[in-house]
Each structure stands twice: as structure tokens, then as C-alpha cells.
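Containing mmCIF, C-alpha atoms: start-v3.cif.
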```cif
data_entry
#
loop_
_atom_site.label_atom_id
_atom_site.label_comp_id
_atom_site.auth_asym_id
_atom_site.auth_seq_id
_atom_site.Cartn_x
_atom_site.Cartn_y
_atom_site.Cartn_z
CA MET A 27 -8.82 12.59 37.54
CA THR A 28 -8.11 10.31 34.58
CA THR A 29 -10.57 9.76 31.76
CA THR A 30 -10.85 6.40 30.05
CA ILE A 31 -12.66 6.32 26.73
CA LEU A 32 -14.69 3.19 26.13
CA MET A 33 -14.73 2.35 22.42
CA PRO A 34 -18.16 1.12 21.32
CA GLU A 35 -18.74 -2.07 19.39
CA PHE A 36 -19.68 -1.13 15.85
CA THR A 37 -22.50 -2.94 14.05
CA VAL A 38 -20.43 -2.81 10.86
CA SER A 39 -16.67 -2.40 11.12
CA PRO A 40 -15.62 1.13 9.98
CA TYR A 41 -12.11 -0.14 9.21
CA PRO A 42 -12.65 -0.87 5.47
CA TYR A 43 -14.14 2.60 4.90
CA PHE A 44 -11.06 4.32 6.33
CA PHE A 45 -8.77 1.87 4.53
CA MET A 46 -10.38 2.40 1.12
CA GLY A 47 -10.95 6.09 1.88
CA SER A 48 -7.20 6.57 2.38
CA PHE A 49 -6.59 5.27 -1.15
CA VAL A 50 -9.35 7.37 -2.72
CA VAL A 51 -8.19 10.61 -1.05
CA ALA A 52 -4.50 9.94 -1.78
CA LEU A 53 -5.12 9.09 -5.43
CA ALA A 54 -7.33 12.15 -5.90
CA ILE A 55 -4.74 14.54 -4.41
CA ALA A 56 -1.79 12.88 -6.20
CA SER A 57 -3.65 12.95 -9.53
CA ALA A 58 -4.43 16.66 -9.11
CA MET A 59 -0.74 17.30 -8.34
CA LEU A 60 0.37 15.30 -11.38
CA ARG A 61 -2.13 17.13 -13.62
CA ARG A 62 -0.65 20.37 -12.36
CA ASP A 63 2.80 19.09 -13.38
CA LYS A 64 1.38 18.36 -16.88
CA ILE A 65 1.74 14.56 -16.67
CA PRO A 66 -0.45 12.88 -19.35
CA THR A 67 -3.75 11.41 -18.11
CA GLN A 68 -2.84 7.94 -19.37
CA ILE A 69 0.34 7.89 -17.27
CA ILE A 70 -1.62 9.06 -14.20
CA VAL A 71 -4.21 6.28 -14.67
CA LEU A 72 -1.59 3.57 -15.23
CA ASN A 73 0.48 4.80 -12.30
CA SER A 74 -2.60 4.86 -10.04
CA MET A 75 -3.44 1.28 -11.01
CA LEU A 76 0.12 0.13 -10.29
CA VAL A 77 0.23 2.05 -7.00
CA VAL A 78 -3.02 0.50 -5.70
CA LEU A 79 -2.09 -3.06 -6.68
CA MET A 80 1.52 -2.87 -5.45
CA SER A 81 0.51 -1.21 -2.16
CA LEU A 82 -2.05 -3.92 -1.40
CA PHE A 83 0.40 -6.64 -2.42
CA GLY A 84 3.19 -5.08 -0.34
CA ALA A 85 0.85 -4.66 2.65
CA VAL A 86 0.07 -8.39 2.70
CA MET A 87 3.52 -9.66 1.66
CA TYR A 88 5.27 -7.70 4.43
CA GLY A 89 3.23 -9.55 7.04
CA LEU A 90 3.79 -12.91 5.35
CA ILE A 91 7.56 -12.39 5.09
CA ARG A 92 7.73 -11.14 8.70
CA SER A 93 5.98 -14.31 9.86
CA GLY A 94 8.33 -16.44 7.73
CA PHE A 95 5.29 -17.66 5.75
CA SER A 96 4.18 -19.54 8.86
CA LYS A 97 0.87 -17.66 9.05
CA GLY A 98 -1.96 -17.62 6.55
CA ILE A 99 -2.94 -14.62 4.41
CA LEU A 100 -6.01 -13.91 6.54
CA GLU A 101 -4.02 -14.03 9.79
CA VAL A 102 -1.33 -11.47 8.94
CA GLY A 103 -3.61 -8.61 7.88
CA PHE A 104 -2.36 -5.44 6.24
CA SER A 105 0.89 -3.73 7.15
CA SER A 106 1.05 0.00 6.49
CA LEU A 107 4.83 -0.17 6.16
CA GLY A 108 4.55 -2.94 3.55
CA GLY A 109 1.97 -0.84 1.72
CA ALA A 110 4.34 2.14 1.75
CA ILE A 111 7.16 -0.01 0.33
CA GLY A 112 4.83 -1.24 -2.44
CA LEU A 113 3.69 2.30 -3.21
CA LEU A 114 7.23 3.68 -3.42
CA LEU A 115 8.38 0.77 -5.58
CA ALA A 116 5.44 1.38 -7.95
CA CYS A 117 6.42 5.05 -8.31
CA VAL A 118 10.10 4.17 -8.88
CA ILE A 119 9.17 1.56 -11.53
CA MET A 120 6.85 4.06 -13.22
CA GLY A 121 9.66 6.64 -13.08
CA VAL A 122 11.96 4.21 -14.91
CA ILE A 123 9.31 3.51 -17.58
CA TYR A 124 8.43 7.20 -17.97
CA PRO A 125 11.63 9.11 -17.04
CA GLU A 126 10.22 12.49 -18.18
CA GLY A 127 7.87 12.50 -15.18
CA LYS A 128 10.03 10.63 -12.67
CA ASN A 129 10.39 13.47 -10.16
CA SER A 130 6.71 14.44 -10.31
CA LEU A 131 5.49 10.84 -9.93
CA ILE A 132 7.70 10.11 -6.94
CA SER A 133 7.21 13.44 -5.13
CA ALA A 134 3.39 13.43 -5.61
CA PHE A 135 3.05 10.07 -3.90
CA ILE A 136 5.68 10.82 -1.26
CA VAL A 137 3.59 13.88 -0.30
CA VAL A 138 0.33 11.89 0.04
CA LEU A 139 1.93 8.89 1.78
CA PRO A 140 1.67 10.36 5.32
CA LEU A 141 -1.94 11.37 4.65
CA MET A 142 -2.83 7.79 3.63
CA TYR A 143 -1.21 6.50 6.80
CA GLY A 144 -2.99 9.11 8.93
CA ILE A 145 -6.42 8.21 7.54
CA SER A 146 -5.94 4.44 7.76
CA LYS A 147 -4.80 4.76 11.40
CA ILE A 148 -8.22 6.19 12.31
CA GLY A 149 -9.63 2.89 10.99
CA CYS A 150 -7.21 0.99 13.23
CA PHE A 151 -8.26 3.18 16.18
CA SER A 152 -11.92 2.40 15.61
CA ILE A 153 -11.48 -1.37 15.92
CA GLY A 154 -8.44 -1.62 18.20
CA CYS A 155 -5.77 -3.13 15.97
CA CYS A 156 -2.19 -1.67 16.08
CA ARG A 157 -3.06 -0.53 19.61
CA GLY A 158 -0.81 1.05 22.20
CA ILE A 159 0.88 -0.13 25.37
CA ALA A 160 -1.01 -0.55 28.65
CA TYR A 161 -1.75 2.90 30.03
CA ASP A 162 -4.26 4.39 32.44
CA GLY A 163 -3.55 8.12 32.14
CA PRO A 164 -5.69 10.76 30.45
CA LEU A 165 -7.48 9.69 27.23
CA ALA A 166 -6.71 6.01 27.77
CA ILE A 167 -8.79 3.73 25.54
CA ARG A 168 -10.56 0.53 26.47
CA TYR A 169 -11.84 -1.77 23.74
CA HIS A 170 -14.57 -4.24 24.43
CA ASN A 171 -15.61 -5.62 21.07
CA TYR A 172 -15.57 -9.33 20.25
CA VAL A 173 -12.07 -9.32 18.78
CA THR A 174 -10.24 -6.83 20.95
CA GLN A 175 -10.96 -6.87 24.66
CA THR A 176 -8.28 -4.87 26.38
CA GLY A 177 -7.51 -3.07 29.55
CA SER A 178 -6.77 0.65 29.27
CA VAL A 179 -4.33 1.30 26.44
CA PHE A 180 -2.48 4.31 25.07
CA PRO A 181 -4.31 5.89 22.07
CA ILE A 182 -1.27 5.46 19.84
CA GLN A 183 -3.30 5.22 16.60
CA ILE A 184 -4.69 8.74 17.11
CA VAL A 185 -1.25 10.09 18.05
CA GLU A 186 0.17 8.47 14.89
CA SER A 187 -2.70 9.84 12.82
CA ILE A 188 -2.17 13.42 14.06
CA THR A 189 1.62 13.15 13.65
CA PHE A 190 1.36 11.94 10.06
CA MET A 191 -1.31 14.52 9.16
CA LEU A 192 1.17 17.18 10.37
CA ILE A 193 3.92 15.61 8.26
CA PHE A 194 1.51 15.72 5.29
CA SER A 195 0.85 19.43 5.86
CA VAL A 196 4.62 20.08 5.92
CA ALA A 197 5.08 17.97 2.76
CA TYR A 198 2.22 19.68 0.94
CA THR A 199 3.51 23.14 1.88
CA MET A 200 6.94 22.15 0.53
CA TYR A 201 5.31 20.96 -2.69
CA ARG A 202 3.25 24.16 -3.09
CA LYS A 203 6.35 26.29 -2.56
CA LYS A 204 8.19 24.09 -5.10
CA LYS A 205 10.90 23.27 -2.57
CA GLU A 206 13.60 20.85 -3.63
CA LEU A 207 14.41 17.64 -1.80
CA ILE A 208 10.78 16.82 -0.88
CA THR A 209 11.45 13.08 -1.24
CA PRO A 210 14.33 12.69 1.26
CA VAL A 211 12.86 15.19 3.75
CA VAL A 212 9.38 13.60 3.85
CA LEU A 213 10.82 10.08 3.84
CA ALA A 214 13.07 10.99 6.77
CA LEU A 215 10.22 12.67 8.70
CA CYS A 216 7.96 9.63 8.18
CA SER A 217 10.74 7.23 9.22
CA ILE A 218 11.57 9.21 12.38
CA GLY A 219 7.86 9.55 13.25
CA LYS A 220 7.11 5.86 12.77
CA PHE A 221 10.33 4.77 14.53
CA SER A 222 9.64 6.92 17.61
CA LEU A 223 5.96 6.11 17.96
CA ASP A 224 6.55 2.38 17.53
CA PHE A 225 7.94 2.31 21.10
CA LEU A 226 4.41 3.06 22.35
CA ARG A 227 2.79 0.13 20.50
CA GLU A 228 1.74 -3.03 22.27
CA GLU A 229 3.61 -5.28 19.81
CA HIS A 230 6.87 -3.54 20.71
CA VAL A 231 6.74 -4.70 24.35
CA GLY A 232 9.65 -7.02 25.16
CA LYS A 233 11.68 -6.06 22.08
CA VAL A 234 14.69 -3.80 21.74
CA LEU A 235 13.86 -2.95 18.12
CA SER A 236 10.82 -4.13 16.20
CA THR A 237 10.91 -5.18 12.52
CA ASN A 238 9.07 -1.95 11.68
CA GLN A 239 11.82 0.07 13.35
CA VAL A 240 14.55 -1.77 11.43
CA VAL A 241 12.70 -0.96 8.18
CA CYS A 242 12.41 2.68 9.34
CA ILE A 243 16.19 2.82 9.85
CA ILE A 244 16.65 1.46 6.29
CA PHE A 245 14.29 4.17 4.98
CA LEU A 246 16.22 6.80 6.93
CA ILE A 247 19.49 5.61 5.37
CA ILE A 248 17.87 5.69 1.89
CA SER A 249 16.64 9.25 2.44
CA ALA A 250 20.12 10.31 3.61
CA LEU A 251 21.64 8.70 0.50
CA ILE A 252 19.15 10.49 -1.78
CA TYR A 253 20.03 13.78 -0.06
CA ILE A 254 23.79 13.19 -0.42
CA ILE A 255 23.49 12.11 -4.09
CA TYR A 256 21.31 15.13 -4.89
CA LYS A 257 23.69 17.55 -3.21
CA ALA A 258 26.71 15.90 -4.83
CA LYS A 259 25.07 16.20 -8.27
CA LYS A 260 24.40 19.87 -7.67
CA GLY A 261 27.93 20.35 -6.37
CA ASP A 262 26.56 22.01 -3.23
CA ILE A 263 27.98 19.43 -0.88
CA TYR A 264 31.52 20.45 -1.79
CA ASN A 265 30.68 24.10 -1.22
CA GLY A 266 29.30 23.33 2.22
CA THR A 267 25.80 24.71 1.46
CA MET B 20 5.78 2.37 -36.10
CA SER B 21 8.63 0.37 -37.70
CA GLU B 22 8.53 -3.41 -38.15
CA GLN B 23 11.25 -3.77 -35.52
CA ASP B 24 9.21 -1.72 -33.00
CA LYS B 25 6.10 -3.72 -33.83
CA ARG B 26 7.94 -6.98 -33.16
CA SER B 27 9.41 -5.71 -29.88
CA CYS B 28 6.00 -4.46 -28.73
CA ASN B 29 4.25 -7.72 -29.62
CA LEU B 30 6.93 -9.68 -27.74
CA ILE B 31 6.43 -7.55 -24.60
CA CYS B 32 2.64 -7.93 -24.86
CA ILE B 33 2.86 -11.72 -25.29
CA MET B 34 5.23 -11.94 -22.30
CA SER B 35 2.74 -9.88 -20.32
CA ILE B 36 -0.10 -12.30 -21.19
CA VAL B 37 2.07 -15.27 -20.22
CA PHE B 38 2.93 -13.66 -16.86
CA MET B 39 -0.78 -13.00 -16.27
CA VAL B 40 -2.11 -16.42 -17.28
CA VAL B 41 0.58 -18.82 -15.98
CA PRO B 42 -0.01 -18.08 -12.26
CA MET B 43 -3.78 -18.42 -12.79
CA ILE B 44 -3.24 -21.93 -14.21
CA ALA B 45 -0.71 -22.76 -11.48
CA ASP B 46 -3.12 -21.48 -8.82
CA ALA B 47 -5.95 -23.62 -10.16
CA GLY B 48 -3.64 -26.64 -10.51
CA VAL B 49 -2.33 -26.34 -6.96
CA SER B 50 -5.89 -25.95 -5.61
CA ILE B 51 -6.99 -29.14 -7.38
CA ILE B 52 -3.91 -31.09 -6.18
CA ASN B 53 -4.45 -29.75 -2.66
CA ALA B 54 -8.04 -30.88 -2.64
CA PHE B 55 -6.90 -34.43 -3.50
CA ILE B 56 -3.95 -34.57 -1.07
CA SER B 57 -5.24 -32.96 2.10
CA ALA B 58 -7.24 -29.90 3.02
CA ASN B 59 -4.81 -29.16 5.88
CA THR B 60 -1.81 -28.50 3.67
CA SER B 61 -3.54 -25.75 1.72
CA ALA B 62 -2.91 -23.12 4.42
CA ASN B 63 0.86 -23.71 4.22
CA ILE B 64 0.94 -23.46 0.44
CA ALA B 65 -1.48 -20.53 0.16
CA ALA B 66 0.92 -17.85 1.43
CA PRO B 67 3.93 -18.61 -0.86
CA LEU B 68 1.51 -19.22 -3.74
CA PHE B 69 -0.01 -15.80 -3.12
CA GLY B 70 3.47 -14.25 -3.35
CA PHE B 71 4.29 -16.13 -6.55
CA THR B 72 0.94 -15.28 -8.19
CA GLY B 73 1.07 -11.65 -7.12
CA MET B 74 4.62 -11.06 -8.35
CA PHE B 75 3.93 -12.66 -11.73
CA GLN B 76 0.72 -10.72 -12.26
CA LEU B 77 2.31 -7.43 -11.19
CA THR B 78 5.11 -8.14 -13.68
CA ALA B 79 2.42 -8.67 -16.35
CA ILE B 80 0.91 -5.26 -15.58
CA ILE B 81 4.35 -3.58 -15.56
CA LEU B 82 5.15 -5.13 -18.97
CA MET B 83 1.81 -3.88 -20.33
CA ILE B 84 2.66 -0.36 -19.06
CA VAL B 85 6.11 -0.56 -20.71
CA ALA B 86 4.50 -1.55 -24.03
CA ARG B 87 1.85 1.18 -23.75
CA VAL B 88 4.31 3.95 -22.85
CA LYS B 89 7.14 3.00 -25.23
CA PHE B 90 4.90 2.10 -28.18
CA PRO B 91 1.80 4.33 -27.92
CA GLN B 92 0.66 3.51 -31.47
CA SER B 93 0.41 -0.24 -30.83
CA VAL B 94 -3.17 -1.54 -30.94
CA PHE B 95 -2.15 -4.78 -29.18
CA ALA B 96 -0.80 -2.82 -26.18
CA LYS B 97 -3.91 -0.61 -26.14
CA VAL B 98 -6.27 -3.60 -26.12
CA LEU B 99 -4.18 -5.28 -23.42
CA MET B 100 -4.33 -2.13 -21.28
CA TRP B 101 -8.15 -2.01 -21.48
CA VAL B 102 -8.41 -5.74 -20.74
CA TYR B 103 -6.27 -5.34 -17.60
CA ILE B 104 -8.15 -2.21 -16.50
CA ALA B 105 -11.44 -4.09 -16.98
CA LEU B 106 -10.06 -7.04 -14.96
CA VAL B 107 -9.00 -4.76 -12.10
CA VAL B 108 -12.35 -2.90 -12.11
CA LEU B 109 -14.30 -6.20 -12.19
CA ALA B 110 -12.16 -7.58 -9.36
CA ILE B 111 -12.89 -4.46 -7.28
CA ILE B 112 -16.65 -4.63 -7.98
CA PHE B 113 -16.89 -8.37 -7.20
CA THR B 114 -14.76 -7.93 -4.11
CA ILE B 115 -16.97 -5.17 -2.74
CA LEU B 116 -20.10 -7.21 -3.55
CA ALA B 117 -18.58 -10.29 -1.90
CA ALA B 118 -17.63 -8.23 1.16
CA ILE B 119 -21.12 -6.78 1.48
CA LEU B 120 -22.67 -10.26 1.19
CA LEU B 121 -20.18 -11.62 3.71
CA ILE B 122 -20.83 -8.84 6.21
CA VAL B 123 -24.61 -9.18 5.84
CA ALA B 124 -24.42 -12.98 6.15
CA CYS B 125 -22.16 -12.88 9.20
CA SER B 126 -24.19 -10.13 10.86
CA ALA B 127 -27.31 -12.26 10.40
CA CYS B 128 -25.62 -15.28 11.99
CA SER B 129 -23.84 -13.60 14.86
CA GLU B 130 -24.03 -10.03 16.05
CA THR B 131 -20.71 -10.39 17.84
CA LEU B 132 -18.85 -10.99 14.57
CA SER B 133 -20.03 -7.84 12.89
CA GLY B 134 -17.26 -5.60 14.23
CA CYS B 135 -14.49 -8.06 13.36
CA PRO B 136 -11.55 -6.51 11.49
CA GLY B 137 -10.78 -9.84 9.85
CA MET B 138 -14.02 -9.56 7.91
CA VAL B 139 -12.48 -7.11 5.52
CA LEU B 140 -9.48 -9.24 4.65
CA PRO B 141 -11.18 -11.62 2.20
CA ILE B 142 -12.05 -8.54 0.12
CA PHE B 143 -8.48 -7.76 -0.68
CA THR B 144 -7.12 -11.28 -0.85
CA ALA B 145 -9.77 -12.00 -3.47
CA LEU B 146 -8.78 -8.82 -5.28
CA LEU B 147 -5.11 -9.72 -5.28
CA GLY B 148 -5.53 -13.44 -5.86
#
```
In C-alpha cells, what does this structure look like?
Amino acid sequence: MTTTILMPEFTVSPYPYFFMGSFVVALAIASAMLRRDKIPTQIIVLNSMLVVLMSLFGAVMYGLIRSGFSKGILEVGFSSLGGAIGLLLACVIMGVIYPEGKNSLISAFIVVLPLMYGISKIGCFSIGCCRGIAYDGPLAIRYHNYVTQTGSVFPIQIVESITFMLIFSVAYTMYRKKKELITPVVLALCSIGKFSLDFLREEHVGKVLSTNQVVCIIFLIISALIYIIYKAKKGDIYNGT
Amino acid sequence: MSEQDKRSCNLICIMSIVFMVVPMIADAGVSIINAFISANTSANIAAPLFGFTGMFQLTAIILMIVARVKFPQSVFAKVLMWVYIALVVLAIIFTILAAILLIVACSACSETLSGCPGMVLPIFTALLG
């Protein structure tokens, strides 16, 4: 027997609460991590400001660029991948301005990135955006609100949310154990996770590779390059370790 | 702080102000021109204009951070930092207020619109614009 979950129509959309909540939680955890690494408060505040603004800008610009500027700002919405690009760029820029804390700034936000994505996906799940392919198996979802009226669809947002929360737990464990190479490992895990799960999204239907997947491949190449450069600098790569 | 440092810092701060103010003027100018030409063209211009404005203003904030980090003793950079922080905080407060008003107004007009994801978008476009 299959169970279809009927999503209720909310009186007030819960999406903005999850969206803003993801920022609040991520900034709180990243700030605590940076304090632990003895980064000055002023740098943490300035970095947080830059991260928020560049993530929001990236989230909107990604959609606009993908549409070739043919759609309006209100039509494209927010792209999580664009937000991630903005966030990473902000950390890299801050790392250039304040080189003493470069590694801490980048690794703190790389660790919280999957958590932000996981939280914001619950918001998507609640209203039916970024939904999955048509599906009528167990735990299929049916939306019936004014904007999204669908048949049974795969609950991809929840699967993505759980996957990225797991990646966050791996990343945070690596950080707590002071493991090296957090940045390339987490970036690679996120890219592989997003690339694989994108096949189950409705907007992927009829495409061989979506734009998101192409960007994921670029991220995967970047993480491989970071890994190779790091190993080469340490001399390990020549020793085969 | 040496005279040379002071001059460099002031130059960065002035560039930051220019990068912050120029897109605001351009934005206002384009809006006025648009209103005279045709209301229909505004949608086509809005997206590239958003990109132009956003990039300039982010550059302004990055320049302020450079000045603040490289020249911590500079009063100009310190004042600029607090002005920008105040602008961002005000933008967030007004955006949230605008969003609440919008949601309440739309809910009063039509119950079916209240769960619309698009309702949240004006919050952030206002914040970034």
C-alpha cells in the first residue's frame, strides 16, 4: 500500500522563516567556530555582513544569468547554488583581505554551507518549490496550494535536506577533530550530493545535464585542484601518501 | 599612521563612497527615464540594472573592509564601516516591516495568495536594491 502525503495550504508561507533561519543558524555556528580560532570580533562581523549580502546577491544573480536576463528579478527566485557561490566568494575575498585568518574563514563557512542548504530545503518542501519528479510510491507528496498544484511527486527536498545535514555532521566532526583538507572534502561531498539528487528534480526532466549539475562538476574540479595543490605543497603527493 | 597611509586610506574610502552612491543615482535616473519612456521596458532593464547596482555596492563594502582591516587607526574608515552597518541593518528592518505589511495586506485581499512563495521575494530584492 502506498502512502501519499497531502501538503496543507499554509495561512502564512513558512518559506521565509526557514530561509532566514538558515542564515541565522549558519552565522551563529560559523561565528562560534571563528571565535574558537581566535579571529577578531570585527573581522567576524565584517565577514558575516559580506557573506549575507554576497549570498543573497549570488542567489538572485544565478537565476538571472541562467535565464539570460530574460526573466524579471521576482520571477527567478533564489538559487541555493548561486547563494553558495556568493558565500564562498565572500570568504575567499575576506581571506585575501585578512590572510592571517584565511583558512579559518573559509573552513568555518564550508562546514556550515551544507547545514544552510539543509534548512532552506525544508522551506522549499513546505511550499512545493524545487520539487521532485512525478512519483506515486511510498511517501509521495501532493501539493494543492494556490501556486503549486501537482500530482504525486518525489519528496526530493526532504531527501536533499537529510543528505546535506549528514554532510554537515561529517564536516563538523572533521572540524572538531582538526582534520586537514576540510574544504576540498566538504566541497566534493556537496557537489556529488547535489549532482546526484538533481536527477530526481522535476526541472531536470528532459535534460541530459542541468545547469546546476554543470556547476557541480566545476565545483568538483575546483575541490580536486585544491586537494592536489595542498598535497603538492606538503610534498605528500610525490611520496604517494 | 603615516601621511602616506592616511592618503591611501582616504582614497580607498572615497572610492568606496563613489561605488556606493553612483549606482543609487543611476538607479534613480533610469527609473525616472523609464517612467517617461514606457512602463513596459522597465522589466527588461531591471534585471541587468540589479546586477550593475549590486556589484558596485558590494565593491563599495569590500573597499570599506579593506580600509578598515589595513588601516585600523583610520577614523574615516571606522565611520564608513558604521554607516554601512547602519544602512544594512535599516534595510533589513524596513524589508521585514514591508514584508509583514505585504503579507497582511495580501492575506486580507485574498486568502489564496497567502501561501505564495513569491511573496517573500520583494523582501530581499528591496534589501539588495
**OP:** Name every residue that the PyMOL selection byres ((chain A) within 9 of (chain B)) selects in this structure, writing the answer as an MDAnalysis selection string with chains first and numbers rising.
**Re:** chainID A and resid 35:42 68:69 72:73 75:76 79:80 82:83 86:87 90 95:101 103:104 119:120 123:124 150 153:155 171:174
Just-selected residues, C-alpha atoms written as a PDB file, in the coordinates of the input:
```pdb
ATOM      1  CA  GLU A  35     -18.740  -2.070  19.390  1.00  0.00           C
ATOM      2  CA  PHE A  36     -19.680  -1.130  15.850  1.00  0.00           C
ATOM      3  CA  THR A  37     -22.500  -2.940  14.050  1.00  0.00           C
ATOM      4  CA  VAL A  38     -20.430  -2.810  10.860  1.00  0.00           C
ATOM      5  CA  SER A  39     -16.670  -2.400  11.120  1.00  0.00           C
ATOM      6  CA  PRO A  40     -15.620   1.130   9.980  1.00  0.00           C
ATOM      7  CA  TYR A  41     -12.110  -0.140   9.210  1.00  0.00           C
ATOM      8  CA  PRO A  42     -12.650  -0.870   5.470  1.00  0.00           C
ATOM      9  CA  GLN A  68      -2.840   7.940 -19.370  1.00  0.00           C
ATOM     10  CA  ILE A  69       0.340   7.890 -17.270  1.00  0.00           C
ATOM     11  CA  LEU A  72      -1.590   3.570 -15.230  1.00  0.00           C
ATOM     12  CA  ASN A  73       0.480   4.800 -12.300  1.00  0.00           C
ATOM     13  CA  MET A  75      -3.440   1.280 -11.010  1.00  0.00           C
ATOM     14  CA  LEU A  76       0.120   0.130 -10.290  1.00  0.00           C
ATOM     15  CA  LEU A  79      -2.090  -3.060  -6.680  1.00  0.00           C
ATOM     16  CA  MET A  80       1.520  -2.870  -5.450  1.00  0.00           C
ATOM     17  CA  LEU A  82      -2.050  -3.920  -1.400  1.00  0.00           C
ATOM     18  CA  PHE A  83       0.400  -6.640  -2.420  1.00  0.00           C
ATOM     19  CA  VAL A  86       0.070  -8.390   2.700  1.00  0.00           C
ATOM     20  CA  MET A  87       3.520  -9.660   1.660  1.00  0.00           C
ATOM     21  CA  LEU A  90       3.790 -12.910   5.350  1.00  0.00           C
ATOM     22  CA  PHE A  95       5.290 -17.660   5.750  1.00  0.00           C
ATOM     23  CA  SER A  96       4.180 -19.540   8.860  1.00  0.00           C
ATOM     24  CA  LYS A  97       0.870 -17.660   9.050  1.00  0.00           C
ATOM     25  CA  GLY A  98      -1.960 -17.620   6.550  1.00  0.00           C
ATOM     26  CA  ILE A  99      -2.940 -14.620   4.410  1.00  0.00           C
ATOM     27  CA  LEU A 100      -6.010 -13.910   6.540  1.00  0.00           C
ATOM     28  CA  GLU A 101      -4.020 -14.030   9.790  1.00  0.00           C
ATOM     29  CA  GLY A 103      -3.610  -8.610   7.880  1.00  0.00           C
ATOM     30  CA  PHE A 104      -2.360  -5.440   6.240  1.00  0.00           C
ATOM     31  CA  ILE A 119       9.170   1.560 -11.530  1.00  0.00           C
ATOM     32  CA  MET A 120       6.850   4.060 -13.220  1.00  0.00           C
ATOM     33  CA  ILE A 123       9.310   3.510 -17.580  1.00  0.00           C
ATOM     34  CA  TYR A 124       8.430   7.200 -17.970  1.00  0.00           C
ATOM     35  CA  CYS A 150      -7.210   0.990  13.230  1.00  0.00           C
ATOM     36  CA  ILE A 153     -11.480  -1.370  15.920  1.00  0.00           C
ATOM     37  CA  GLY A 154      -8.440  -1.620  18.200  1.00  0.00           C
ATOM     38  CA  CYS A 155      -5.770  -3.130  15.970  1.00  0.00           C
ATOM     39  CA  ASN A 171     -15.610  -5.620  21.070  1.00  0.00           C
ATOM     40  CA  TYR A 172     -15.570  -9.330  20.250  1.00  0.00           C
ATOM     41  CA  VAL A 173     -12.070  -9.320  18.780  1.00  0.00           C
ATOM     42  CA  THR A 174     -10.240  -6.830  20.950  1.00  0.00           C
TER      43      THR A 174
END
```
**OP:** For the structure provided, state which residues fall under the PyMOL selection byres ((chain A and resi 215-230) around 7), and present them as an NGL selection string.
**Re:** :A and (140 or 156-159 or 182 or 186 or 193 or 211-214 or 231-233 or 236 or 239 or 242 or 245-246)
With C-alpha atoms kept, could you save the residues just selected as a PDB file, in the coordinates of the input?
```
ATOM      1  CA  PRO A 140       1.670  10.360   5.320  1.00  0.00           C
ATOM      2  CA  CYS A 156      -2.190  -1.670  16.080  1.00  0.00           C
ATOM      3  CA  ARG A 157      -3.060  -0.530  19.610  1.00  0.00           C
ATOM      4  CA  GLY A 158      -0.810   1.050  22.200  1.00  0.00           C
ATOM      5  CA  ILE A 159       0.880  -0.130  25.370  1.00  0.00           C
ATOM      6  CA  ILE A 182      -1.270   5.460  19.840  1.00  0.00           C
ATOM      7  CA  GLU A 186       0.170   8.470  14.890  1.00  0.00           C
ATOM      8  CA  ILE A 193       3.920  15.610   8.260  1.00  0.00           C
ATOM      9  CA  VAL A 211      12.860  15.190   3.750  1.00  0.00           C
ATOM     10  CA  VAL A 212       9.380  13.600   3.850  1.00  0.00           C
ATOM     11  CA  LEU A 213      10.820  10.080   3.840  1.00  0.00           C
ATOM     12  CA  ALA A 214      13.070  10.990   6.770  1.00  0.00           C
ATOM     13  CA  VAL A 231       6.740  -4.700  24.350  1.00  0.00           C
ATOM     14  CA  GLY A 232       9.650  -7.020  25.160  1.00  0.00           C
ATOM     15  CA  LYS A 233      11.680  -6.060  22.080  1.00  0.00           C
ATOM     16  CA  SER A 236      10.820  -4.130  16.200  1.00  0.00           C
ATOM     17  CA  GLN A 239      11.820   0.070  13.350  1.00  0.00           C
ATOM     18  CA  CYS A 242      12.410   2.680   9.340  1.00  0.00           C
ATOM     19  CA  PHE A 245      14.290   4.170   4.980  1.00  0.00           C
ATOM     20  CA  LEU A 246      16.220   6.800   6.930  1.00  0.00           C
TER      21      LEU A 246
END
```
**OP:** Might you spell out which residues the PyMOL selection byres ((chain A and resi 65) around 12) would select in the displayed file, as a ChimeraX atom specification?
**Re:** /A:56-64,66-73,121,124-131,134
Subject >> Polymer residues at most 8 Å from B:Pro42, all atoms listed in the file, same-chain spacing of 6 or more positions, as JSON, numbers by chain >> reply: {"B": [71, 72, 75, 76]}
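The space between atom CA of A:Ile188 and atom CA of A:Met142 spans 11.9 Å.
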**OP:** Measure the distance from atom CA of A:Thr209 to atom CA of A:Ala250 in Å and round it to one decimal.
**Re:**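 Taking atom CA of A:Thr209 as the start and atom CA of A:Ala250 as the end point, the length is 10.3 Å.
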Original post:
Out of A:Pro210, A:Gly84, A:Gly89, A:Gly149, which residue has the shortest atom-to-atom distance to A:Gly112 when counting all atoms listed in the file?
Top reply: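 Closest to A:Gly112 of all the choices is A:Gly84.
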**OP:** One decimal, Å: what's the distance from atom CA of B:Met39 over to atom CA of A:Cys117, could you say?
**Re:**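 About the pair atom CA of B:Met39 and atom CA of A:Cys117: they are 21.0 Å apart.
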Subject >> Expected residue set, 9 Å radius at (-0.6, -8.2, -33.8), only C-alpha atoms, as a PyMOL selection string >> reply: chain B and resi 25-26+29+93-95
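Of the residues listed (B:Leu109, B:Ala124, B:Leu68, B:Leu99), B:Leu68 shows the shortest atom-to-atom separation from B:Met43; distances use all atoms listed in the file.
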Subject >> 12 Å contact set for A:Gly163, all atoms listed in the file, chain neighbours under 5 positions out, as a ChimeraX atom specification >> reply: /A:27-31,168,178-181
**OP:** Please provide the set of residues having any atom within 6 Å of stretch 45-55 of chain A, restricted to all atoms listed in the file, with same-chain residues fewer than 4 positions apart removed, written as a ChimeraX atom specification.
**Re:** /A:138,142,145-146
